[in-house]
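So the structure is just underneath, and the comments pick up after that.
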Amino acid sequence: MAEENDTSHCKNGNENGKRNNGNEVEDNESEVTNIDQESELGGENTYSSVEMKHKKKKALLEFRCWVENAILGNYLLGKPPKSLSPFKIKRAREQLRDITLWGVPLLPSKGHEGTDIVLLKFLKAKDFKVHEAFGMLWKTLKWRREYKTEGILDEKLDSDLENLVCLISRDKEGHPSCFLNYGPFKDKELYKKVFGSEEKCDKFLRWKVQNVEKVIKKLRFKNGGVNSIVQIIDLKNSPGPAMKELHSVSKKFMFLLQDYYPELIHKIIVINVPLWYYASHVLLLRVINQRTKRKFVFARPSKATKTLLKIIAPENLPVEYGGLKRESDDDFTSADNASEHTIRANSVAHIEFPVTEAGVTMVWELTVVGWDVSYKEEFIPDDEGSYKILLQNQEIMGECVRNSFYISEPGRIVLTIDNGTLNKKRVLYRSKAKPTVPMYIFLK
């Protein structure tokens with residue numbers, strides 16, 4: 001009886017809302033959770049009681065009713081066969097009440113704070129048209145059941161693909177960021193091994209879906225939580241346009257994201273883009289919707305690092321992409337924020353790390369966006385009677401530099417960067433002092 005009462009209440013509320021020009025919706029507003037906002041740190045749309053228009057609030061209330069009725073009525077995943085016994089129908093109904101999507105309960109009356117956030121994603125994808133949003137939700141659940149996504153994280157797919165996925169980091173707004181590198185596919189043997197048959201292509205597609213599901217586990221479907229992903233695709237040294245299988249799978253994957261993962265992708269950043277890629281992407285733009293098109297950002301090789309640093313802090317950007325993040329780093333963490341210095345064209349800059357106490361090891365690292373500069377490291381003691389120590393001297397820098405030096409007397413580490421180009425350079429650096437117990441070697 002409780003289920004029948006809940007369902008009829010939702011139905012009546014929906015019908016009255018239409019008959020009374022939305023008055024019923026306003027009366028029930030206090031019973032609805034999570035319609036006041038769907039926010040992400042800095043940048044995504046924020047739904048508040050002031051900003052969200054009445055039409056969108058009404059759409060969310062109506063969508064909640066549709067989903068509630070479909071779950072309690074046992075037809076969200078399709079009507080059960082008439083041949084089922086009453087016991088099995090009752091059991092299926094009970095199981096449907098606990099249905100989740102991306103780890104979030106879908107039954108609105110459960111009161112989970114993530115339910116409205118998930119439902120809003122479907123509404124946004126369909127411009128707040130409730131009927132279309134419900135159809136998209138139904139298709140998503142149906143596809144997930146047929147594709148068996150619930151167990152996909154436990155599957156051991158091709159181990160040769162592990163090197164394609166780079167570190168999972170976060171952007172400045174907190175979105176999980178997954179790097180996908182297509183460069184290894186330039187190896188013809190690997191390419192044939194991965195795309196040599198239709199079955200292998202399907203396996204690679206499933207591998208891509210698996211990685212998306214892994215990153216989704218890092219999302220927080222709650223008010224103020226980050227609930228979308230940044231995907232970075234690196235095309236450096238990737239196969240050319242003749243590799244049709246790779247492009248075909250990538251196209252299928254794009255449709256999966258568009259149709260079954262609405263509003264879960266915040267940005268798709270494609271870096272080191274060769275000229276031929278633009279032509280192939282134009283063809284893709286013809287078949288994807290406008291909402292998906294707006295998520296793409298492209299960067300040529302010369303602009304790759306600059307583009308990534310706009311959205312990812314240097315301490316979270318891997319060193320191979322011009323940042324400071326390293327795997328298994330014993331010296332620095334993402335909490336060790338980097339400082340920034342701009343060097344004018346045809347000028348020299350000095351960065352100093354003063355050390356007032358002896359008995360510590362100074363560790364520092366530095367990267368220059370665009371490189372093409374000369375670089376020198378020195379330790380200069382405070383005591384004028386002591387000698388300067390040249391630690392490193394490079395004519396041309398081309399990669400992130402990290403070094404350390406044990407401090408036996410007070411002084412300072414001085415980094416000298418000579419920018420002889422006609423363009424200004426952006427320097428990112430950080431340092432820390434680590435207490436050190438010196439090791440002495442005794443000779444007999």
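By convention in this document, the chains of the structure tokens carry letters A, B, ... by their order, each chain's residues are numbered from 1, and ligands are numbered from 1 in the order they are shown.
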Run DSSP on the backbone and grab whatever in stretch 261-423 of chain A lands in alpha helix (DSSP H); send it over as a PyMOL selection string.
-> chain A and resi 275-285+290-293+304-311
Residues of the last selection are to be written out with C-alpha atoms, as an mmCIF file, in the first residue's frame.
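The resulting out-v5.cif:
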data_model
loop_
_atom_site.group_PDB
_atom_site.id
_atom_site.type_symbol
_atom_site.label_atom_id
_atom_site.label_comp_id
_atom_site.auth_asym_id
_atom_site.auth_seq_id
_atom_site.Cartn_x
_atom_site.Cartn_y
_atom_site.Cartn_z
ATOM 1 C CA LEU A 275 47.133 19.056 -39.415
ATOM 2 C CA TRP A 276 45.473 15.908 -40.760
ATOM 3 C CA TYR A 277 43.410 15.536 -37.565
ATOM 4 C CA TYR A 278 41.433 18.709 -38.183
ATOM 5 C CA ALA A 279 40.046 17.301 -41.415
ATOM 6 C CA SER A 280 38.890 14.075 -39.752
ATOM 7 C CA HIS A 281 37.410 15.986 -36.822
ATOM 8 C CA VAL A 282 35.298 18.117 -39.170
ATOM 9 C CA LEU A 283 33.556 14.913 -40.241
ATOM 10 C CA LEU A 284 32.910 14.003 -36.602
ATOM 11 C CA LEU A 285 31.428 17.430 -35.890
ATOM 12 C CA GLN A 290 26.191 21.026 -30.352
ATOM 13 C CA ARG A 291 26.530 20.423 -26.637
ATOM 14 C CA THR A 292 29.296 17.866 -27.217
ATOM 15 C CA LYS A 293 31.041 20.095 -29.771
ATOM 16 C CA ALA A 304 50.163 22.060 -25.760
ATOM 17 C CA THR A 305 51.798 22.960 -22.430
ATOM 18 C CA LYS A 306 50.372 26.477 -22.410
ATOM 19 C CA THR A 307 46.860 25.103 -23.014
ATOM 20 C CA LEU A 308 47.124 22.466 -20.288
ATOM 21 C CA LEU A 309 48.457 24.946 -17.733
ATOM 22 C CA LYS A 310 45.349 27.065 -18.210
ATOM 23 C CA ILE A 311 43.251 24.320 -16.639
#
Would you kindly return, as a list of chain:residue names, each protein, DNA or RNA residue with an atom no farther than 8 Å from any atom of stretch 217-221 of chain A, considering only C-alpha atoms and excluding same-chain residues fewer than 3 positions away?
->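 Here the qualifying residues turn out to be A:Trp102, A:Val104, A:Glu113, A:Gly114, A:Thr115, A:Ile117, A:Val118, A:His175, A:Pro176, A:Glu213, A:Lys214, A:Gly225, A:Val226, A:Asn227, A:Ser228.
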Serialized selection, N, CA and C atoms, as a PDB file, in the first residue's frame:
ATOM      1  N   TRP A 102      25.843   5.205 -11.536  1.00  0.00           N
ATOM      2  CA  TRP A 102      27.115   5.797 -11.123  1.00  0.00           C
ATOM      3  C   TRP A 102      27.239   5.846  -9.602  1.00  0.00           C
ATOM      4  N   VAL A 104      24.762   6.207  -7.480  1.00  0.00           N
ATOM      5  CA  VAL A 104      23.758   7.097  -6.873  1.00  0.00           C
ATOM      6  C   VAL A 104      22.370   6.465  -6.995  1.00  0.00           C
ATOM      7  N   GLU A 113      21.289  12.875  -1.725  1.00  0.00           N
ATOM      8  CA  GLU A 113      21.603  14.202  -2.254  1.00  0.00           C
ATOM      9  C   GLU A 113      22.135  14.159  -3.679  1.00  0.00           C
ATOM     10  N   GLY A 114      22.574  12.996  -4.141  1.00  0.00           N
ATOM     11  CA  GLY A 114      23.092  12.911  -5.508  1.00  0.00           C
ATOM     12  C   GLY A 114      22.053  12.628  -6.555  1.00  0.00           C
ATOM     13  N   THR A 115      20.835  12.221  -6.148  1.00  0.00           N
ATOM     14  CA  THR A 115      19.812  11.824  -7.121  1.00  0.00           C
ATOM     15  C   THR A 115      19.453  12.971  -8.057  1.00  0.00           C
ATOM     16  N   ILE A 117      21.189  15.575  -8.766  1.00  0.00           N
ATOM     17  CA  ILE A 117      22.344  15.955  -9.578  1.00  0.00           C
ATOM     18  C   ILE A 117      22.439  15.058 -10.801  1.00  0.00           C
ATOM     19  N   VAL A 118      22.208  13.757 -10.616  1.00  0.00           N
ATOM     20  CA  VAL A 118      22.225  12.822 -11.742  1.00  0.00           C
ATOM     21  C   VAL A 118      21.072  13.110 -12.694  1.00  0.00           C
ATOM     22  N   HIS A 175      38.259  18.772 -11.213  1.00  0.00           N
ATOM     23  CA  HIS A 175      37.805  17.681 -12.065  1.00  0.00           C
ATOM     24  C   HIS A 175      38.902  16.631 -12.235  1.00  0.00           C
ATOM     25  N   PRO A 176      38.575  15.344 -12.067  1.00  0.00           N
ATOM     26  CA  PRO A 176      39.560  14.307 -12.392  1.00  0.00           C
ATOM     27  C   PRO A 176      39.955  14.411 -13.862  1.00  0.00           C
ATOM     28  N   GLU A 213      34.710   4.512 -16.486  1.00  0.00           N
ATOM     29  CA  GLU A 213      34.061   4.050 -15.260  1.00  0.00           C
ATOM     30  C   GLU A 213      35.005   4.175 -14.061  1.00  0.00           C
ATOM     31  N   LYS A 214      36.299   3.967 -14.279  1.00  0.00           N
ATOM     32  CA  LYS A 214      37.271   4.119 -13.199  1.00  0.00           C
ATOM     33  C   LYS A 214      37.307   5.564 -12.705  1.00  0.00           C
ATOM     34  N   GLY A 225      29.987  19.260  -4.925  1.00  0.00           N
ATOM     35  CA  GLY A 225      30.969  18.270  -5.349  1.00  0.00           C
ATOM     36  C   GLY A 225      31.290  18.374  -6.830  1.00  0.00           C
ATOM     37  N   VAL A 226      32.419  17.833  -7.218  1.00  0.00           N
ATOM     38  CA  VAL A 226      32.821  17.808  -8.627  1.00  0.00           C
ATOM     39  C   VAL A 226      32.271  16.541  -9.256  1.00  0.00           C
ATOM     40  N   ASN A 227      31.454  16.684 -10.287  1.00  0.00           N
ATOM     41  CA  ASN A 227      30.786  15.517 -10.850  1.00  0.00           C
ATOM     42  C   ASN A 227      30.931  15.420 -12.366  1.00  0.00           C
ATOM     43  N   SER A 228      32.073  15.848 -12.898  1.00  0.00           N
ATOM     44  CA  SER A 228      32.362  15.645 -14.317  1.00  0.00           C
ATOM     45  C   SER A 228      33.867  15.524 -14.510  1.00  0.00           C
TER      46      SER A 228
END
Contact residues around A:Glu155 with only C-alpha atoms at 12 Å, ignoring same-chain residues under 5 positions, as a CSV table (one decimal) with all heavy atoms, in the first residue's frame:
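Wrote it out as around24.csv, contents follow:
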chain,number,residue,atom,x,y,z
A,148,LYS,N,26.9,-4.7,-19.7
A,148,LYS,CA,27.4,-5.3,-18.4
A,148,LYS,C,28.5,-4.4,-17.8
A,148,LYS,O,29.6,-4.8,-17.5
A,148,LYS,CB,28.0,-6.7,-18.7
A,148,LYS,CG,26.9,-7.7,-19.2
A,148,LYS,CD,27.5,-9.1,-19.4
A,148,LYS,CE,26.4,-10.0,-19.9
A,148,LYS,NZ,26.9,-11.4,-20.2
A,149,THR,N,28.1,-3.1,-17.7
A,149,THR,CA,29.1,-2.2,-17.1
A,149,THR,C,29.3,-2.4,-15.6
A,149,THR,O,30.4,-1.9,-15.1
A,149,THR,CB,28.6,-0.7,-17.4
A,149,THR,OG1,27.3,-0.6,-16.8
A,149,THR,CG2,28.5,-0.4,-18.8
A,150,GLU,N,28.4,-3.0,-14.9
A,150,GLU,CA,28.5,-3.1,-13.5
A,150,GLU,C,29.8,-3.9,-13.1
A,150,GLU,O,30.4,-3.7,-12.1
A,150,GLU,CB,27.3,-3.7,-12.9
A,150,GLU,CG,26.0,-2.9,-13.0
A,150,GLU,CD,26.2,-1.4,-12.5
A,150,GLU,OE1,26.8,-1.3,-11.4
A,150,GLU,OE2,25.8,-0.5,-13.2
A,203,LYS,N,37.0,-4.9,-28.2
A,203,LYS,CA,37.7,-5.0,-26.9
A,203,LYS,C,38.4,-3.7,-26.5
A,203,LYS,O,38.4,-3.3,-25.3
A,203,LYS,CB,38.8,-6.1,-27.0
A,203,LYS,CG,39.4,-6.5,-25.6
A,203,LYS,CD,40.4,-7.6,-25.8
A,203,LYS,CE,41.0,-8.0,-24.4
A,203,LYS,NZ,42.0,-9.1,-24.6
A,206,ARG,N,35.8,-1.4,-25.3
A,206,ARG,CA,35.4,-1.7,-23.9
A,206,ARG,C,36.4,-1.3,-22.9
A,206,ARG,O,36.1,-0.8,-21.8
A,206,ARG,CB,35.2,-3.2,-23.8
A,206,ARG,CG,34.6,-3.7,-22.5
A,206,ARG,CD,34.1,-5.1,-22.5
A,206,ARG,NE,33.4,-5.5,-21.3
A,206,ARG,CZ,32.2,-5.2,-20.9
A,206,ARG,NH1,31.4,-4.5,-21.8
A,206,ARG,NH2,31.7,-5.6,-19.8
A,207,TRP,N,37.7,-1.3,-23.3
A,207,TRP,CA,38.8,-0.8,-22.5
A,207,TRP,C,38.6,0.7,-22.2
A,207,TRP,O,38.8,1.1,-21.1
A,207,TRP,CB,40.1,-1.1,-23.1
A,207,TRP,CG,41.3,-0.6,-22.4
A,207,TRP,CD1,41.9,-1.1,-21.3
A,207,TRP,CD2,42.0,0.6,-22.8
A,207,TRP,NE1,43.0,-0.3,-21.0
A,207,TRP,CE2,43.0,0.8,-21.8
A,207,TRP,CE3,41.8,1.6,-23.8
A,207,TRP,CZ2,43.9,1.9,-21.9
A,207,TRP,CZ3,42.7,2.7,-23.8
A,207,TRP,CH2,43.7,2.8,-22.9
A,209,VAL,N,35.8,2.3,-22.2
A,209,VAL,CA,34.6,2.5,-21.3
A,209,VAL,C,35.1,2.2,-19.9
A,209,VAL,O,34.7,2.8,-18.9
A,209,VAL,CB,33.5,1.6,-21.8
A,209,VAL,CG1,32.4,1.6,-20.7
A,209,VAL,CG2,32.9,2.0,-23.1
A,210,GLN,N,35.9,1.1,-19.7
A,210,GLN,CA,36.4,0.8,-18.4
A,210,GLN,C,37.1,1.9,-17.8
A,210,GLN,O,36.9,2.2,-16.6
A,210,GLN,CB,37.3,-0.5,-18.5
A,210,GLN,CG,37.8,-1.0,-17.2
A,210,GLN,CD,38.8,-2.1,-17.4
A,210,GLN,OE1,39.9,-1.8,-17.9
A,210,GLN,NE2,38.5,-3.3,-16.9
A,211,ASN,N,37.9,2.6,-18.5
A,211,ASN,CA,38.7,3.7,-18.0
A,211,ASN,C,37.8,4.9,-17.6
A,211,ASN,O,38.0,5.6,-16.5
A,211,ASN,CB,39.7,4.2,-19.0
A,211,ASN,CG,41.0,3.4,-19.0
A,211,ASN,OD1,41.8,3.4,-18.0
A,211,ASN,ND2,41.1,2.5,-19.9
A,213,GLU,N,34.7,4.5,-16.5
A,213,GLU,CA,34.1,4.0,-15.3
A,213,GLU,C,35.0,4.2,-14.1
A,213,GLU,O,34.6,4.5,-12.9
A,213,GLU,CB,33.6,2.6,-15.4
A,213,GLU,CG,32.5,2.4,-16.4
A,213,GLU,CD,31.1,2.9,-15.9
A,213,GLU,OE1,30.9,2.9,-14.7
A,213,GLU,OE2,30.3,3.3,-16.8
A,214,LYS,N,36.3,4.0,-14.3
A,214,LYS,CA,37.3,4.1,-13.2
A,214,LYS,C,37.3,5.6,-12.7
A,214,LYS,O,37.3,5.8,-11.5
A,214,LYS,CB,38.7,3.7,-13.7
A,214,LYS,CG,38.9,2.2,-13.8
A,214,LYS,CD,40.3,1.9,-14.3
A,214,LYS,CE,40.5,0.4,-14.5
A,214,LYS,NZ,41.9,0.2,-15.0
Closest atom pairs, residues of stretch 374-413 of chain A within 10 Å of stretch 333-350 of chain A, only C-alpha atoms, as JSON lines:
{"residue": "A:Ser374", "atom": "CA", "partner": "A:Val348", "partner_atom": "CA", "distance": 9.3}
{"residue": "A:Tyr375", "atom": "CA", "partner": "A:Val348", "partner_atom": "CA", "distance": 9.8}
{"residue": "A:Lys376", "atom": "CA", "partner": "A:His350", "partner_atom": "CA", "distance": 9.5}
{"residue": "A:Glu377", "atom": "CA", "partner": "A:His350", "partner_atom": "CA", "distance": 9.8}
Those selected residues, please, written with all heavy atoms and delivered as a PDB file, in the first residue's frame.
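Just written: result05.pdb:
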ATOM      1  N   SER A 374      68.920  29.380 -21.427  1.00  0.00           N
ATOM      2  CA  SER A 374      70.114  28.874 -20.751  1.00  0.00           C
ATOM      3  C   SER A 374      69.869  28.894 -19.251  1.00  0.00           C
ATOM      4  O   SER A 374      69.089  29.713 -18.741  1.00  0.00           O
ATOM      5  CB  SER A 374      71.325  29.736 -21.095  1.00  0.00           C
ATOM      6  OG  SER A 374      71.578  29.705 -22.489  1.00  0.00           O
ATOM      7  N   TYR A 375      70.584  28.003 -18.536  1.00  0.00           N
ATOM      8  CA  TYR A 375      70.240  27.797 -17.131  1.00  0.00           C
ATOM      9  C   TYR A 375      71.503  27.496 -16.319  1.00  0.00           C
ATOM     10  O   TYR A 375      72.394  26.782 -16.765  1.00  0.00           O
ATOM     11  CB  TYR A 375      69.264  26.630 -17.036  1.00  0.00           C
ATOM     12  CG  TYR A 375      68.874  26.214 -15.648  1.00  0.00           C
ATOM     13  CD1 TYR A 375      68.052  27.010 -14.855  1.00  0.00           C
ATOM     14  CD2 TYR A 375      69.311  24.999 -15.122  1.00  0.00           C
ATOM     15  CE1 TYR A 375      67.673  26.614 -13.593  1.00  0.00           C
ATOM     16  CE2 TYR A 375      68.941  24.587 -13.849  1.00  0.00           C
ATOM     17  CZ  TYR A 375      68.117  25.400 -13.099  1.00  0.00           C
ATOM     18  OH  TYR A 375      67.745  25.014 -11.844  1.00  0.00           O
ATOM     19  N   LYS A 376      71.556  28.062 -15.104  1.00  0.00           N
ATOM     20  CA  LYS A 376      72.696  27.826 -14.224  1.00  0.00           C
ATOM     21  C   LYS A 376      72.233  27.758 -12.778  1.00  0.00           C
ATOM     22  O   LYS A 376      71.326  28.498 -12.376  1.00  0.00           O
ATOM     23  CB  LYS A 376      73.737  28.941 -14.394  1.00  0.00           C
ATOM     24  CG  LYS A 376      75.004  28.743 -13.553  1.00  0.00           C
ATOM     25  CD  LYS A 376      76.085  29.755 -13.934  1.00  0.00           C
ATOM     26  CE  LYS A 376      75.686  31.164 -13.536  1.00  0.00           C
ATOM     27  NZ  LYS A 376      76.796  32.138 -13.750  1.00  0.00           N
ATOM     28  N   GLU A 377      72.864  26.853 -11.986  1.00  0.00           N
ATOM     29  CA  GLU A 377      72.560  26.712 -10.564  1.00  0.00           C
ATOM     30  C   GLU A 377      73.839  26.933  -9.754  1.00  0.00           C
ATOM     31  O   GLU A 377      74.906  26.400 -10.099  1.00  0.00           O
ATOM     32  CB  GLU A 377      72.028  25.306 -10.251  1.00  0.00           C
ATOM     33  CG  GLU A 377      70.726  24.961 -10.955  1.00  0.00           C
ATOM     34  CD  GLU A 377      70.334  23.509 -10.709  1.00  0.00           C
ATOM     35  OE1 GLU A 377      71.180  22.725 -10.212  1.00  0.00           O
ATOM     36  OE2 GLU A 377      69.189  23.154 -11.016  1.00  0.00           O
TER      37      GLU A 377
END
Which residues of stretch 224-292 of chain A have any atom within 9 Å of an atom in stretch 186-193 of chain A when counting only C-alpha atoms, and what is the closest pair of atoms for each, with the distance in Å to one decimal? Order the rows by chain and rising number and write it as a tab-separated table.
residue	atom	partner	partner_atom	distance
A:Asn237	CA	A:Lys186	CA	6.6
A:Ser238	CA	A:Lys186	CA	5.6
A:Pro239	CA	A:Lys186	CA	5.0
A:Gly240	CA	A:Lys186	CA	8.5
A:Met243	CA	A:Tyr191	CA	8.8
A:Leu246	CA	A:Tyr191	CA	8.7
Enumerate, as a PyMOL selection string, the complete set of residues in stretch 75-313 of chain A that a backbone-based DSSP assignment places in strand (DSSP E).
-> chain A and resi 100-101+104-105+165-170+176-181+229-234+265-271+296-299
Mind writing the picked residues with C-alpha atoms as a short mmCIF file (atom, residue, chain, number, x, y, z; two decimals), in the first residue's frame?
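Just written: part01.cif:
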data_model
loop_
_atom_site.label_atom_id
_atom_site.label_comp_id
_atom_site.auth_asym_id
_atom_site.auth_seq_id
_atom_site.Cartn_x
_atom_site.Cartn_y
_atom_site.Cartn_z
CA THR A 100 21.60 3.06 -8.86
CA LEU A 101 23.42 4.91 -11.61
CA VAL A 104 23.76 7.10 -6.87
CA PRO A 105 20.25 5.81 -5.97
CA VAL A 165 46.70 5.86 -20.02
CA CYS A 166 48.76 8.44 -18.19
CA LEU A 167 48.37 9.63 -14.63
CA ILE A 168 44.97 10.56 -13.35
CA SER A 169 45.31 14.08 -12.01
CA ARG A 170 42.90 16.95 -11.28
CA PRO A 176 39.56 14.31 -12.39
CA SER A 177 41.76 14.46 -15.50
CA CYS A 178 42.65 11.37 -17.48
CA PHE A 179 45.45 11.43 -20.07
CA LEU A 180 45.18 9.12 -23.07
CA ASN A 181 48.29 8.80 -25.24
CA ILE A 229 35.63 14.64 -15.98
CA VAL A 230 38.35 16.27 -18.05
CA GLN A 231 39.79 13.99 -20.72
CA ILE A 232 43.12 14.83 -22.38
CA ILE A 233 43.99 13.07 -25.64
CA ASP A 234 47.65 13.24 -26.71
CA ILE A 265 32.51 15.09 -19.57
CA HIS A 266 33.52 18.63 -18.64
CA LYS A 267 36.18 19.09 -21.34
CA ILE A 268 37.89 17.02 -24.02
CA ILE A 269 41.32 18.53 -24.64
CA VAL A 270 43.18 17.26 -27.69
CA ILE A 271 46.87 18.22 -27.66
CA PHE A 296 36.38 20.19 -27.34
CA VAL A 297 39.62 22.19 -26.99
CA PHE A 298 42.48 21.75 -29.49
CA ALA A 299 46.15 22.63 -29.16
#
Atom CA of A:Pro108 to atom CA of A:Cys65, straight-line distance in Å | 8.1 Å
Neighbour list for A:Leu106 as a ChimeraX atom specification, cut-off 12 Å, only C-alpha atoms, skip fewer than 3 positions in-chain | /A:63-72,76,96-103,109-120,137-138,141
Return the single residue from A:Val369, A:Leu161, A:Val273, A:Val414 that is closest to A:Lys236, with distances computed using only C-alpha atoms.
->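 Nearest candidate to A:Lys236 out of A:Val369, A:Leu161, A:Val273, A:Val414: A:Val273.
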